[in-house]
Amino acid sequence: MIRFENFSFQYDAQSEPTLKKIDLTIEEGEKVLIIGASGSGKSTLGQCLNGIIPNIHKGKQTGRLLVRGQEISQLSIYDRSQLISTVLQDTDGQFIGLSVGEDLAFALENDACPKDQMVSRVHYWADQLALRELLEHRPQDLSGGQKQRVSLGGVLIDESPILLFDEPLANLDPRSGQETIELIDRLHQETGATTLIIEHRLEDVLHRPVDRIVLLHDGELVFNGHPDELLASELLGQYGIREPLYISVLRGLGIDLTGLDNLSQLDELSLPDLVLPEGSSAIRPKETEALLELSDWTFAYQPERPILRGLNLTLRRGERLAIVGKNGAGKSTLAKSLCQFVTANGTIRYLGQDISTDTVKERSERIGYVLQNPNQMISQTQISDEVALGLRLRGVDEETIASRVDKALTVCGLYPFRHWPISALSYGQKKRVTIASILVLNPEIILLDEPTAGQDQRTYREMMMFLDELNALGHTIVMITHDMQLMLEYADRCVVISDGQVLADDSPQAILNQPDILVAANLKQTSLFELARLMKATPEAVTAYYKMLQGGQHG
């Protein structure tokens with residue numbers, strides 16, 4: 001179906017090729033996962049297929065790229081669209097319709113589908129993706145996860161022989177991500193479409209089998225084979241990919257992974273009798289001084305549909321707090337209200353003082369907020385100027401600015417690109433720019449909406465270790481996240497938001513051991529819980545052992 005022959009691509013704005021002499025064949029009907037660290041060339045590979053390259057991003061191509069035996073460079077955009085349907089990583093760049101319903105129907109309208117069939121298919125996919133109640137809404141007004149489902153529906157509605165998913169899980173809550181992988185797997189089986197998935201969340205994608213994994217590094221193909229072979233090797237750690245949690249535990253226990261069958265499918269894995277070393281018990285949340293207190297916190301964009309419903313919450317000085325919950329639960333709205341971007345009703349106290357009359361500027365001196373969508377934060381052309389902007393607006397001298405900007409860029413893995421135009425960056429790299437632009441201001445409370453979404457293992461670790469350094473200095477770190485691994489490893493306390501209220505408030509381990517809470521909030525247990533069942537051990541013991549392993553690595 002797809003063949004890369006000695007294929008290279010170099011952007012006009014760059015001095016080195018992004019893809020280097022790729023030789024890769026993908027057979028008809030295969031399901032292939034493409035992984036690699038940020039900047040490895042994954043998205044570029046997909047864009048060479050769907051026509052974004054060279055029609056939007058210009059550059060020099062050498063070698064051959066064939067789809068069904070045809071040179072893809074000779075196909076028009078329309079002809080490519082008949083072969084390849086793509087869910088983009090940046091969902092905002094994919095919307096066409098003024099409403100969700102129009103956006104889902106767009107491909108069918110182009111194909112002159114009869115109206116009764118069009119309505120039927122739009123309603124079918126809206127039901128499949130839990131979008132029926134949102135059909136009249138503007139896509140731009142939805143949460144990140146809801147936008148992802150709309151984008152997914154717009155592609156799935158016009159079934160093509162090749163389906164390309166670029167980071168389809170990036171903005172989805174854990175349960176929705178799992179359901180998306182199940183949906184992609186069902187479509188693959190039912191339609192036989194050749195399916196390519198570009199994704200960082202390896203453990204989540206392996207919830208359902210894939211035929212092959214392709215690993216890219218620095219634009220080169222470094223692995224092309226069965227998932228079991230890759231998981232048993234050391235390549236994931238070597239090339240900056242987060243391995244599944246259960247693999248980390250098995251390695252820590254000294255298990256020979258090469259001797260295990262079905263390594264990529266945990267529920268089919270046959271394990272020897274294993275005994276866990278003595279590990280730490282579940283850690284309770286820190287009880288420190290109350291820093292920020294919300295009482296009867298209420299907000300609604302439309303009076304008849306409140307988003308926050310009398311929410312009560314206390315942030316404690318120096319803690320690491322994870323806020324989790326399903327898409328649309330009110331997490332991002334809560335963050336906006338804390339920063340005075342929207343005005344909520346209720347009481348808000350900072351160190352016991354009422355701060356409800358704060359201006360946005362005054363609130364920003366207490367809370368630094370990193371938005372979920374980087375495109376909503378970027379206003380400068382060059383990376384270093386974007387990170388320096390907040391300091392310049394505050395009148396900081398240029399020598400201090402240079403020092404603090406360089407430090408923030410280094411921590412975020414962007415220092416080598418400091419003079420690059422932001423337009424040349426991937427979505428994940430743009431996210432790191434926005435995080436750096438907030439971290440450079442050093443506010444007491446740092447509030448991050450999905451801080452590691454779309455990040456590779458190395459950048460993920462560097463970012464979280466940096467946040468830990470800030471936390472050690474007394475900063476309160478608040479993370480809105482769908483990443484159960486991040487919550488487990490880096491949060492002292494977890495608050496679950498559901499329907500605009502606090503559903504649960506406890507340690508991450510305690511939250512993950514409450515099935516009713518997980519179902520209500522669209523969360524899911526990590527692979528450590530299935531591993532505990534196979535090992536006939538308690539989830540608490542396996543989770544504590546994993547945290548002990550990671551604590552040693554962090555140290």
# chains A, B, ... in the order shown; residues from 1 in each chain; ligands from 1

$ residues_around --residues "A:Ala322" --least-positions-apart "6" --cutoff "9 Å" --atoms "only C-alpha atoms" --output "PDB file with N, CA, C and O atoms, in the first residue's frame"
ATOM      1  N   ILE A 477       2.640  23.311  42.789  1.00  0.00           N
ATOM      2  CA  ILE A 477       2.495  22.888  41.398  1.00  0.00           C
ATOM      3  C   ILE A 477       1.126  22.249  41.223  1.00  0.00           C
ATOM      4  O   ILE A 477       0.795  21.268  41.899  1.00  0.00           O
ATOM      5  N   VAL A 478       0.326  22.812  40.329  1.00  0.00           N
ATOM      6  CA  VAL A 478      -0.999  22.274  40.043  1.00  0.00           C
ATOM      7  C   VAL A 478      -1.024  21.830  38.579  1.00  0.00           C
ATOM      8  O   VAL A 478      -0.743  22.629  37.688  1.00  0.00           O
ATOM      9  N   MET A 479      -1.356  20.558  38.367  1.00  0.00           N
ATOM     10  CA  MET A 479      -1.320  19.992  37.014  1.00  0.00           C
ATOM     11  C   MET A 479      -2.693  19.438  36.650  1.00  0.00           C
ATOM     12  O   MET A 479      -3.185  18.521  37.311  1.00  0.00           O
ATOM     13  N   ILE A 480      -3.311  20.013  35.626  1.00  0.00           N
ATOM     14  CA  ILE A 480      -4.523  19.425  35.051  1.00  0.00           C
ATOM     15  C   ILE A 480      -4.043  18.405  34.027  1.00  0.00           C
ATOM     16  O   ILE A 480      -3.339  18.757  33.076  1.00  0.00           O
ATOM     17  N   THR A 481      -4.394  17.151  34.212  1.00  0.00           N
ATOM     18  CA  THR A 481      -3.793  16.125  33.367  1.00  0.00           C
ATOM     19  C   THR A 481      -4.738  14.959  33.120  1.00  0.00           C
ATOM     20  O   THR A 481      -5.628  14.670  33.930  1.00  0.00           O
ATOM     21  N   LEU A 486       1.724  10.294  34.993  1.00  0.00           N
ATOM     22  CA  LEU A 486       2.196  11.545  35.589  1.00  0.00           C
ATOM     23  C   LEU A 486       1.576  11.728  36.973  1.00  0.00           C
ATOM     24  O   LEU A 486       2.270  12.075  37.939  1.00  0.00           O
ATOM     25  N   MET A 487       0.288  11.499  37.072  1.00  0.00           N
ATOM     26  CA  MET A 487      -0.391  11.641  38.357  1.00  0.00           C
ATOM     27  C   MET A 487       0.220  10.714  39.398  1.00  0.00           C
ATOM     28  O   MET A 487       0.463  11.103  40.550  1.00  0.00           O
ATOM     29  N   TYR A 490       4.195  11.888  40.041  1.00  0.00           N
ATOM     30  CA  TYR A 490       4.616  13.247  40.376  1.00  0.00           C
ATOM     31  C   TYR A 490       3.634  14.032  41.236  1.00  0.00           C
ATOM     32  O   TYR A 490       3.900  15.194  41.534  1.00  0.00           O
ATOM     33  N   ALA A 491       2.516  13.461  41.591  1.00  0.00           N
ATOM     34  CA  ALA A 491       1.546  14.190  42.404  1.00  0.00           C
ATOM     35  C   ALA A 491       1.507  13.625  43.827  1.00  0.00           C
ATOM     36  O   ALA A 491       1.512  12.410  44.025  1.00  0.00           O
ATOM     37  N   ASP A 492       1.463  14.520  44.808  1.00  0.00           N
ATOM     38  CA  ASP A 492       1.276  14.111  46.198  1.00  0.00           C
ATOM     39  C   ASP A 492      -0.208  13.875  46.477  1.00  0.00           C
ATOM     40  O   ASP A 492      -0.574  13.075  47.325  1.00  0.00           O
ATOM     41  N   ARG A 493      -1.036  14.596  45.736  1.00  0.00           N
ATOM     42  CA  ARG A 493      -2.467  14.604  46.005  1.00  0.00           C
ATOM     43  C   ARG A 493      -3.213  14.701  44.692  1.00  0.00           C
ATOM     44  O   ARG A 493      -2.715  15.302  43.726  1.00  0.00           O
ATOM     45  N   CYS A 494      -4.384  14.110  44.640  1.00  0.00           N
ATOM     46  CA  CYS A 494      -5.186  14.113  43.419  1.00  0.00           C
ATOM     47  C   CYS A 494      -6.608  14.557  43.739  1.00  0.00           C
ATOM     48  O   CYS A 494      -7.233  14.039  44.668  1.00  0.00           O
ATOM     49  N   VAL A 495      -7.087  15.530  42.964  1.00  0.00           N
ATOM     50  CA  VAL A 495      -8.473  15.985  43.083  1.00  0.00           C
ATOM     51  C   VAL A 495      -9.207  15.596  41.804  1.00  0.00           C
ATOM     52  O   VAL A 495      -8.762  15.923  40.697  1.00  0.00           O
ATOM     53  N   VAL A 496     -10.316  14.883  41.966  1.00  0.00           N
ATOM     54  CA  VAL A 496     -11.124  14.446  40.834  1.00  0.00           C
ATOM     55  C   VAL A 496     -12.314  15.390  40.682  1.00  0.00           C
ATOM     56  O   VAL A 496     -13.089  15.574  41.629  1.00  0.00           O
ATOM     57  N   PRO A 508      -2.932   9.770  44.865  1.00  0.00           N
ATOM     58  CA  PRO A 508      -3.153   9.129  43.563  1.00  0.00           C
ATOM     59  C   PRO A 508      -3.406   7.633  43.676  1.00  0.00           C
ATOM     60  O   PRO A 508      -4.282   7.091  42.987  1.00  0.00           O
TER      61      PRO A 508
END

$ residues_around --residues "A:Leu45" --least-positions-apart "4" --cutoff "9 Å" --atoms "only C-alpha atoms" --output "number ranges by chain"
A: 9, 19, 41, 49

$ residues_around --residues "A:Ser403" --least-positions-apart "4" --cutoff "12 Å" --atoms "only C-alpha atoms" --output "MDAnalysis selection string"
chainID A and resid 384 387:388 391 396:399 407:410 415 440

$ closest_residue --among "A:Gly177, A:Pro227, A:Gly219, A:Pro272" --to "A:Leu534" --atoms "only C-alpha atoms"
A:Pro272

$ residues_around --residues "stretch 182-190 of chain A" --least-positions-apart "4" --cutoff "7 Å" --atoms "only C-alpha atoms" --output "PyMOL selection string"
chain A and resi 178+195+208

$ write_last_selection --atoms "C-alpha atoms" --output "JSON list (two decimals), in the first residue's frame"
[["chain", "number", "residue", "atom", "x", "y", "z"],
["A", 178, "GLN", "CA", -8.97, 3.87, 25.59],
["A", 195, "THR", "CA", -4.03, 2.22, 9.62],
["A", 208, "ARG", "CA", -5.24, -3.16, 21.34]]

$ atom_distance --atom1 "atom CA of A:Gln128" --atom2 "atom CA of A:Ile96"
20.6 Å

$ select_by_dssp --residues "stretch 28-215 of chain A" --states "strand (DSSP E)" --output "PyMOL selection string"
chain A and resi 31-36+59-67+70-71+84-87+162-166+194-198+212-215

$ residues_around --residues "stretch 228-233 of chain A" --least-positions-apart "5" --cutoff "9 Å" --atoms "only C-alpha atoms" --output "list of chain:residue names"
A:Ile213, A:Phe223, A:Glu243, A:Pro244, A:Ile247, A:Asp256, A:Leu257, A:Thr258, A:Gly259, A:Leu260, A:Asp261, A:Asn262, A:Leu263, A:Ser264, A:Gln265

$ residues_around --residues "A:Arg363" --least-positions-apart "6" --cutoff "10 Å" --atoms "only C-alpha atoms" --output "list in words"
Leu338, Cys339, Gln340, Phe341, Ile355, Ser356 and Thr357 of chain A

$ closest_residue --among "A:Asp358, A:Glu71, A:Asp92, A:Asp158" --to "A:Phe106" --atoms "only C-alpha atoms"
A:Asp158

$ select_by_dssp --residues "stretch 287-465 of chain A" --states "helix (DSSP H, G or I)" --output "ChimeraX atom specification"
/A:331-338,360-364,374-376,383-393,398-411,415-417,422-424,427-439,457-465

$ closest_residue --among "A:Gly51, A:Gly325, A:Gly39, A:Gly29" --to "A:Asp505" --atoms "only C-alpha atoms"
A:Gly325

$ closest_residue --among "A:Arg418, A:His226, A:Lys326, A:Lys147" --to "A:Gly500" --atoms "only C-alpha atoms"
A:Lys326

$ closest_residue --among "A:Asp456, A:Asp103, A:Glu109, A:Glu386" --to "A:Ser38" --atoms "only C-alpha atoms"
A:Asp456

$ decode --residues "stretch 471-520 of chain A" --atoms "N, CA and C atoms" --output "PDB file, in the first residue's frame"
ATOM      1  N   ASN A 471       9.099  22.881  43.089  1.00  0.00           N
ATOM      2  CA  ASN A 471       8.322  22.436  44.238  1.00  0.00           C
ATOM      3  C   ASN A 471       9.185  22.351  45.492  1.00  0.00           C
ATOM      4  N   ALA A 472      10.439  21.903  45.338  1.00  0.00           N
ATOM      5  CA  ALA A 472      11.343  21.795  46.479  1.00  0.00           C
ATOM      6  C   ALA A 472      11.667  23.164  47.066  1.00  0.00           C
ATOM      7  N   LEU A 473      11.537  24.213  46.247  1.00  0.00           N
ATOM      8  CA  LEU A 473      11.779  25.572  46.727  1.00  0.00           C
ATOM      9  C   LEU A 473      10.540  26.198  47.357  1.00  0.00           C
ATOM     10  N   GLY A 474       9.449  25.418  47.397  1.00  0.00           N
ATOM     11  CA  GLY A 474       8.238  25.895  48.052  1.00  0.00           C
ATOM     12  C   GLY A 474       7.108  26.267  47.113  1.00  0.00           C
ATOM     13  N   HIS A 475       7.311  26.155  45.817  1.00  0.00           N
ATOM     14  CA  HIS A 475       6.245  26.477  44.868  1.00  0.00           C
ATOM     15  C   HIS A 475       5.164  25.394  44.895  1.00  0.00           C
ATOM     16  N   THR A 476       3.948  25.819  44.742  1.00  0.00           N
ATOM     17  CA  THR A 476       2.838  24.889  44.614  1.00  0.00           C
ATOM     18  C   THR A 476       2.631  24.588  43.138  1.00  0.00           C
ATOM     19  N   ILE A 477       2.640  23.311  42.789  1.00  0.00           N
ATOM     20  CA  ILE A 477       2.495  22.888  41.398  1.00  0.00           C
ATOM     21  C   ILE A 477       1.126  22.249  41.223  1.00  0.00           C
ATOM     22  N   VAL A 478       0.326  22.812  40.329  1.00  0.00           N
ATOM     23  CA  VAL A 478      -0.999  22.274  40.043  1.00  0.00           C
ATOM     24  C   VAL A 478      -1.024  21.830  38.579  1.00  0.00           C
ATOM     25  N   MET A 479      -1.356  20.558  38.367  1.00  0.00           N
ATOM     26  CA  MET A 479      -1.320  19.992  37.014  1.00  0.00           C
ATOM     27  C   MET A 479      -2.693  19.438  36.650  1.00  0.00           C
ATOM     28  N   ILE A 480      -3.311  20.013  35.626  1.00  0.00           N
ATOM     29  CA  ILE A 480      -4.523  19.425  35.051  1.00  0.00           C
ATOM     30  C   ILE A 480      -4.043  18.405  34.027  1.00  0.00           C
ATOM     31  N   THR A 481      -4.394  17.151  34.212  1.00  0.00           N
ATOM     32  CA  THR A 481      -3.793  16.125  33.367  1.00  0.00           C
ATOM     33  C   THR A 481      -4.738  14.959  33.120  1.00  0.00           C
ATOM     34  N   HIS A 482      -4.533  14.315  31.979  1.00  0.00           N
ATOM     35  CA  HIS A 482      -5.174  13.044  31.675  1.00  0.00           C
ATOM     36  C   HIS A 482      -4.171  11.895  31.817  1.00  0.00           C
ATOM     37  N   ASP A 483      -2.954  12.216  32.165  1.00  0.00           N
ATOM     38  CA  ASP A 483      -1.869  11.233  32.193  1.00  0.00           C
ATOM     39  C   ASP A 483      -1.824  10.566  33.560  1.00  0.00           C
ATOM     40  N   MET A 484      -2.313   9.325  33.626  1.00  0.00           N
ATOM     41  CA  MET A 484      -2.342   8.613  34.898  1.00  0.00           C
ATOM     42  C   MET A 484      -0.934   8.310  35.412  1.00  0.00           C
ATOM     43  N   GLN A 485       0.010   8.131  34.490  1.00  0.00           N
ATOM     44  CA  GLN A 485       1.386   7.888  34.914  1.00  0.00           C
ATOM     45  C   GLN A 485       1.970   9.142  35.569  1.00  0.00           C
ATOM     46  N   LEU A 486       1.724  10.294  34.993  1.00  0.00           N
ATOM     47  CA  LEU A 486       2.196  11.545  35.589  1.00  0.00           C
ATOM     48  C   LEU A 486       1.576  11.728  36.973  1.00  0.00           C
ATOM     49  N   MET A 487       0.288  11.499  37.072  1.00  0.00           N
ATOM     50  CA  MET A 487      -0.391  11.641  38.357  1.00  0.00           C
ATOM     51  C   MET A 487       0.220  10.714  39.398  1.00  0.00           C
ATOM     52  N   LEU A 488       0.480   9.491  39.005  1.00  0.00           N
ATOM     53  CA  LEU A 488       0.999   8.491  39.934  1.00  0.00           C
ATOM     54  C   LEU A 488       2.411   8.824  40.401  1.00  0.00           C
ATOM     55  N   GLU A 489       3.247   9.281  39.477  1.00  0.00           N
ATOM     56  CA  GLU A 489       4.657   9.509  39.791  1.00  0.00           C
ATOM     57  C   GLU A 489       4.920  10.858  40.450  1.00  0.00           C
ATOM     58  N   TYR A 490       4.195  11.888  40.041  1.00  0.00           N
ATOM     59  CA  TYR A 490       4.616  13.247  40.376  1.00  0.00           C
ATOM     60  C   TYR A 490       3.634  14.032  41.236  1.00  0.00           C
ATOM     61  N   ALA A 491       2.516  13.461  41.591  1.00  0.00           N
ATOM     62  CA  ALA A 491       1.546  14.190  42.404  1.00  0.00           C
ATOM     63  C   ALA A 491       1.507  13.625  43.827  1.00  0.00           C
ATOM     64  N   ASP A 492       1.463  14.520  44.808  1.00  0.00           N
ATOM     65  CA  ASP A 492       1.276  14.111  46.198  1.00  0.00           C
ATOM     66  C   ASP A 492      -0.208  13.875  46.477  1.00  0.00           C
ATOM     67  N   ARG A 493      -1.036  14.596  45.736  1.00  0.00           N
ATOM     68  CA  ARG A 493      -2.467  14.604  46.005  1.00  0.00           C
ATOM     69  C   ARG A 493      -3.213  14.701  44.692  1.00  0.00           C
ATOM     70  N   CYS A 494      -4.384  14.110  44.640  1.00  0.00           N
ATOM     71  CA  CYS A 494      -5.186  14.113  43.419  1.00  0.00           C
ATOM     72  C   CYS A 494      -6.608  14.557  43.739  1.00  0.00           C
ATOM     73  N   VAL A 495      -7.087  15.530  42.964  1.00  0.00           N
ATOM     74  CA  VAL A 495      -8.473  15.985  43.083  1.00  0.00           C
ATOM     75  C   VAL A 495      -9.207  15.596  41.804  1.00  0.00           C
ATOM     76  N   VAL A 496     -10.316  14.883  41.966  1.00  0.00           N
ATOM     77  CA  VAL A 496     -11.124  14.446  40.834  1.00  0.00           C
ATOM     78  C   VAL A 496     -12.314  15.390  40.682  1.00  0.00           C
ATOM     79  N   ILE A 497     -12.435  16.017  39.501  1.00  0.00           N
ATOM     80  CA  ILE A 497     -13.542  16.920  39.202  1.00  0.00           C
ATOM     81  C   ILE A 497     -14.561  16.187  38.333  1.00  0.00           C
ATOM     82  N   SER A 498     -15.826  16.276  38.718  1.00  0.00           N
ATOM     83  CA  SER A 498     -16.896  15.679  37.921  1.00  0.00           C
ATOM     84  C   SER A 498     -18.104  16.594  37.974  1.00  0.00           C
ATOM     85  N   ASP A 499     -18.614  16.983  36.808  1.00  0.00           N
ATOM     86  CA  ASP A 499     -19.783  17.868  36.722  1.00  0.00           C
ATOM     87  C   ASP A 499     -19.614  19.119  37.564  1.00  0.00           C
ATOM     88  N   GLY A 500     -18.400  19.685  37.526  1.00  0.00           N
ATOM     89  CA  GLY A 500     -18.157  20.965  38.168  1.00  0.00           C
ATOM     90  C   GLY A 500     -18.010  20.933  39.668  1.00  0.00           C
ATOM     91  N   GLN A 501     -17.852  19.736  40.250  1.00  0.00           N
ATOM     92  CA  GLN A 501     -17.679  19.610  41.687  1.00  0.00           C
ATOM     93  C   GLN A 501     -16.519  18.666  41.987  1.00  0.00           C
ATOM     94  N   VAL A 502     -16.024  18.718  43.226  1.00  0.00           N
ATOM     95  CA  VAL A 502     -14.968  17.804  43.648  1.00  0.00           C
ATOM     96  C   VAL A 502     -15.606  16.458  43.988  1.00  0.00           C
ATOM     97  N   LEU A 503     -15.271  15.452  43.199  1.00  0.00           N
ATOM     98  CA  LEU A 503     -15.820  14.111  43.406  1.00  0.00           C
ATOM     99  C   LEU A 503     -14.982  13.324  44.411  1.00  0.00           C
ATOM    100  N   ALA A 504     -13.662  13.532  44.401  1.00  0.00           N
ATOM    101  CA  ALA A 504     -12.767  12.818  45.314  1.00  0.00           C
ATOM    102  C   ALA A 504     -11.509  13.650  45.518  1.00  0.00           C
ATOM    103  N   ASP A 505     -10.876  13.490  46.673  1.00  0.00           N
ATOM    104  CA  ASP A 505      -9.671  14.236  47.027  1.00  0.00           C
ATOM    105  C   ASP A 505      -8.829  13.323  47.912  1.00  0.00           C
ATOM    106  N   ASP A 506      -7.760  12.754  47.319  1.00  0.00           N
ATOM    107  CA  ASP A 506      -6.969  11.775  48.070  1.00  0.00           C
ATOM    108  C   ASP A 506      -5.622  11.599  47.387  1.00  0.00           C
ATOM    109  N   SER A 507      -4.832  10.629  47.856  1.00  0.00           N
ATOM    110  CA  SER A 507      -3.566  10.322  47.194  1.00  0.00           C
ATOM    111  C   SER A 507      -3.848   9.662  45.843  1.00  0.00           C
ATOM    112  N   PRO A 508      -2.932   9.770  44.865  1.00  0.00           N
ATOM    113  CA  PRO A 508      -3.153   9.129  43.563  1.00  0.00           C
ATOM    114  C   PRO A 508      -3.406   7.633  43.676  1.00  0.00           C
ATOM    115  N   GLN A 509      -2.652   6.953  44.554  1.00  0.00           N
ATOM    116  CA  GLN A 509      -2.839   5.516  44.696  1.00  0.00           C
ATOM    117  C   GLN A 509      -4.236   5.193  45.205  1.00  0.00           C
ATOM    118  N   ALA A 510      -4.716   5.979  46.164  1.00  0.00           N
ATOM    119  CA  ALA A 510      -6.052   5.737  46.708  1.00  0.00           C
ATOM    120  C   ALA A 510      -7.122   5.970  45.646  1.00  0.00           C
ATOM    121  N   ILE A 511      -6.955   7.012  44.840  1.00  0.00           N
ATOM    122  CA  ILE A 511      -7.923   7.308  43.771  1.00  0.00           C
ATOM    123  C   ILE A 511      -7.985   6.152  42.777  1.00  0.00           C
ATOM    124  N   LEU A 512      -6.827   5.649  42.371  1.00  0.00           N
ATOM    125  CA  LEU A 512      -6.783   4.584  41.365  1.00  0.00           C
ATOM    126  C   LEU A 512      -7.324   3.259  41.890  1.00  0.00           C
ATOM    127  N   ASN A 513      -7.521   3.161  43.194  1.00  0.00           N
ATOM    128  CA  ASN A 513      -8.066   1.942  43.781  1.00  0.00           C
ATOM    129  C   ASN A 513      -9.562   2.042  44.057  1.00  0.00           C
ATOM    130  N   GLN A 514     -10.217   3.062  43.480  1.00  0.00           N
ATOM    131  CA  GLN A 514     -11.653   3.241  43.675  1.00  0.00           C
ATOM    132  C   GLN A 514     -12.370   3.149  42.328  1.00  0.00           C
ATOM    133  N   PRO A 515     -12.801   1.939  41.937  1.00  0.00           N
ATOM    134  CA  PRO A 515     -13.410   1.739  40.612  1.00  0.00           C
ATOM    135  C   PRO A 515     -14.593   2.652  40.336  1.00  0.00           C
ATOM    136  N   ASP A 516     -15.416   2.940  41.340  1.00  0.00           N
ATOM    137  CA  ASP A 516     -16.585   3.783  41.100  1.00  0.00           C
ATOM    138  C   ASP A 516     -16.181   5.208  40.737  1.00  0.00           C
ATOM    139  N   ILE A 517     -15.101   5.700  41.354  1.00  0.00           N
ATOM    140  CA  ILE A 517     -14.587   7.038  41.021  1.00  0.00           C
ATOM    141  C   ILE A 517     -14.027   7.041  39.599  1.00  0.00           C
ATOM    142  N   LEU A 518     -13.302   5.998  39.231  1.00  0.00           N
ATOM    143  CA  LEU A 518     -12.703   5.916  37.899  1.00  0.00           C
ATOM    144  C   LEU A 518     -13.777   5.932  36.812  1.00  0.00           C
ATOM    145  N   VAL A 519     -14.852   5.196  37.032  1.00  0.00           N
ATOM    146  CA  VAL A 519     -15.929   5.147  36.042  1.00  0.00           C
ATOM    147  C   VAL A 519     -16.617   6.512  35.934  1.00  0.00           C
ATOM    148  N   ALA A 520     -16.906   7.116  37.077  1.00  0.00           N
ATOM    149  CA  ALA A 520     -17.629   8.396  37.078  1.00  0.00           C
ATOM    150  C   ALA A 520     -16.827   9.508  36.424  1.00  0.00           C
TER     151      ALA A 520
END
